[in-house]
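**Student:** Below: one structure in structure tokens.
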Amino acid sequence: MKRLLTLFSFTLIALSLSMAYADDDTRGFKTIRAKAAIEEALNKPAELKVVENFKVEVISNKGKKGVIFKEGEDAEFFVRLNKPGFYYVVGHTKNQEVELSYLLNLHHLEDQVRFLQEVSPDSLKKWQSLGKFTVEPPFGLESLQVIASNKKIEKLPPYTKDEATGLYVISKTITEGIQKTRAFKPKKKKTILSAEAVILIETQPNK
């Protein structure tokens with residue numbers, strides 16, 4: 001079982017802002033507003049979702065829409081491609097303590113290979129688990145952004161390892177993190193296809 005930073009810690013991934021406690025309407029309003037802003041940033045431009053006939057999907061063990069995990073629950077995430085290819089995952093975190101975007105470490109390897117996952121012909125249309133995580137504080141909005149290509153991905157967004165958390169940080173603001181990620185998305189060519197998928201979830205205290 002793995003622990004999370006906000007939701008994911010491999011140290012791993014996240015985006016946090018607690019949904020309103022019953023006695024705090026202001027916090028709830030801020031969370032709804034933050035969620036709307038994050039969704040807008042992640043869902044634009046729409047053409048990034050499916051390019052031609054190459055597709056990537058991401059889902060949780062509770063589905064994809066309106067996903068809520070309570071404190072102490074196990075959260076598991078899965079990625080699926082419809083054609084052979086490669087992908088990497090960017091996590092976005094925002095809560096009362098921190099805001100950042102970072103690369104998800106998928107392997108215990110060195111260099112950028114640790115962030116890349118290959119999908120072979122034998123694994124097509126099969127869900128690959130990113131791991132199981134236990135939901136712990138701080139709570140709020142969590143997001144995974146999956147970037148995939150039918151060719152090996154040679155360049156990743158620049159990052160700096162944060163020694164305090166062990167995370168490979170791209171940016172300390174989510175909007176900039178999303179922009180940097182998309183700037184390094186493989187460019188479309190006749191032989192190169194790319195696609196993107198995102199999932200936005202929420203974690204809450206078990207009250």
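Residues in the structure tokens are numbered from 1 in each chain, the chains being A, B, ... in the order shown, and ligands are numbered from 1 in the order shown.
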Can you tell me, as a PyMOL selection string, what residues are no more than 9 Å from A:Ser120 when counting only C-alpha atoms, ignoring any on the same chain fewer than 5 positions away?

**Tutor:** chain A and resi 83-86

**Student:** Tell me which protein, DNA and RNA residues are within 7 Å of stretch 174-181 of chain A, counting only C-alpha atoms, leaving out same-chain ones fewer than 5 positions away, and put them as a VMD selection string.

**Tutor:** chain A and resid 41 92 99 to 101 157

**Student:** Choose the residue, out of A:Ile199, A:Ile59, A:Leu81, A:Leu104, that has the smallest atom-to-atom separation from A:Tyr159; count only C-alpha atoms.

**Tutor:** A:Leu104

**Student:** Restricting the calculation to only C-alpha atoms: of A:Pro186, A:Gly91, A:Gly131, A:Pro138, which residue gets closest to A:Tyr168?

**Tutor:**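 Ranking A:Pro186, A:Gly91, A:Gly131, A:Pro138 by distance to A:Tyr168, first place goes to A:Gly91.
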
**Student:** Report, in Å with one decimal, the straight-line distance from atom CA of A:Asp111 to atom CA of A:Lys185.

**Tutor:**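 Calculated distance between atom CA of A:Asp111 and atom CA of A:Lys185 is 18.5 Å.
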
**Student:** Identify all residues of stretch 142-203 of chain A in strand (DSSP E or B) (DSSP on the backbone) and supply them as a list in words.

**Tutor:**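 Written out, the strand (DSSP E or B) residues of stretch 142-203 of chain A are Glu142, Ser143, Leu144, Gln145, Val146, Ile147, Ala148, Ser149, Thr160, Lys161, Tyr168, Val169, Ile170, Ser171, Ser194, Ala195, Glu196, Ala197, Val198, Ile199, Leu200, Ile201, Glu202 and Thr203 of chain A.
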
**Student:** What gap, in Å, lies between atom CA of A:Glu202 and atom CA of A:Gln128?

**Tutor:** 21.7 Å

**Student:** Set out as a tab-separated table a contact list for stretch 110-158 of chain A and stretch 64-75 of chain A with a cut-off of 12 Å, giving each residue of stretch 110-158 of chain A that qualifies its closest atom pair and distance in Å to one decimal, counting only C-alpha atoms, ordered by chain and rising residue number.

**Tutor:**
residue	atom	partner	partner_atom	distance
A:Ser129	CA	A:Ala75	CA	10.8
A:Leu130	CA	A:Ala75	CA	10.2
A:Gly131	CA	A:Ala75	CA	8.4
A:Lys132	CA	A:Ala75	CA	5.7
A:Phe133	CA	A:Ala75	CA	5.1
A:Thr134	CA	A:Asp74	CA	4.8
A:Val135	CA	A:Glu71	CA	5.1
A:Glu136	CA	A:Glu71	CA	5.6
A:Pro137	CA	A:Glu71	CA	7.4
A:Pro138	CA	A:Glu71	CA	9.6
A:Phe139	CA	A:Glu71	CA	8.2
A:Gly140	CA	A:Ile68	CA	9.4
A:Leu141	CA	A:Ile68	CA	9.2
A:Glu142	CA	A:Ile68	CA	9.8
A:Ser143	CA	A:Val67	CA	10.8
A:Leu144	CA	A:Lys64	CA	11.2

**Student:** Please dump the current selection as a compact mmCIF listing (two decimals), in the first residue's frame; keep C-alpha atoms.

**Tutor:**
# COMPACT_ATOMS: atom_id res chain seq x y z
CA SER A 129 -2.75 0.23 -12.81
CA LEU A 130 -0.71 3.21 -11.62
CA GLY A 131 -0.81 1.77 -8.12
CA LYS A 132 -2.96 1.79 -5.00
CA PHE A 133 -2.91 4.74 -2.65
CA THR A 134 -4.35 5.46 0.78
CA VAL A 135 -6.25 8.74 1.12
CA GLU A 136 -4.73 10.91 3.83
CA PRO A 137 -4.78 14.62 4.75
CA PRO A 138 -4.66 17.28 3.44
CA PHE A 139 -7.89 16.78 1.51
CA GLY A 140 -9.33 18.43 -1.59
CA LEU A 141 -9.11 18.30 -5.38
CA GLU A 142 -6.70 15.92 -7.04
CA SER A 143 -5.89 15.60 -10.73
CA LEU A 144 -3.98 13.35 -13.10

**Student:** Can you build me a table of stretch 171-198 of chain A residues sitting at most 7 Å from stretch 149-152 of chain A, with the closest atom pair per residue and its distance in Å to one decimal, using only C-alpha atoms, sorted by chain and residue number, as a Markdown table?

**Tutor:**
| residue | atom | partner | partner_atom | distance |
| --- | --- | --- | --- | --- |
| A:Pro186 | CA | A:Ser149 | CA | 6.8 |
| A:Ile192 | CA | A:Asn150 | CA | 6.2 |
| A:Leu193 | CA | A:Asn150 | CA | 5.6 |
| A:Ser194 | CA | A:Ser149 | CA | 4.2 |
| A:Ala195 | CA | A:Ser149 | CA | 6.5 |

**Student:** Hey, what's within 9 Å of A:Leu156 if we count only C-alpha atoms and toss same-chain stuff fewer than 6 positions away? As a list of chain:residue names, please?

**Tutor:**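 Once the nearby chain positions are removed, what remains is A:Tyr88, A:Leu103, A:Gln112, A:Phe115, A:Thr181, A:Phe184, A:Lys185.
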
**Student:** Please report the interatomic distance between atom CA of A:Val98 and atom CA of A:Glu196 in Å with one decimal.

**Tutor:** 25.2 Å

**Student:** From the options A:Val146, A:Leu200, A:Leu167, A:Ile153, which residue's atoms come nearest to A:Glu118, counting only C-alpha atoms?

**Tutor:**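 So, comparing all the options, the nearest one is A:Ile153.
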
**Student:** To test your reading of the structure, identify every residue in stretch 126-183 of chain A that backbone DSSP assigns to alpha helix (DSSP H), and report it as a VMD selection string.

**Tutor:** chain A and resid 174 to 183
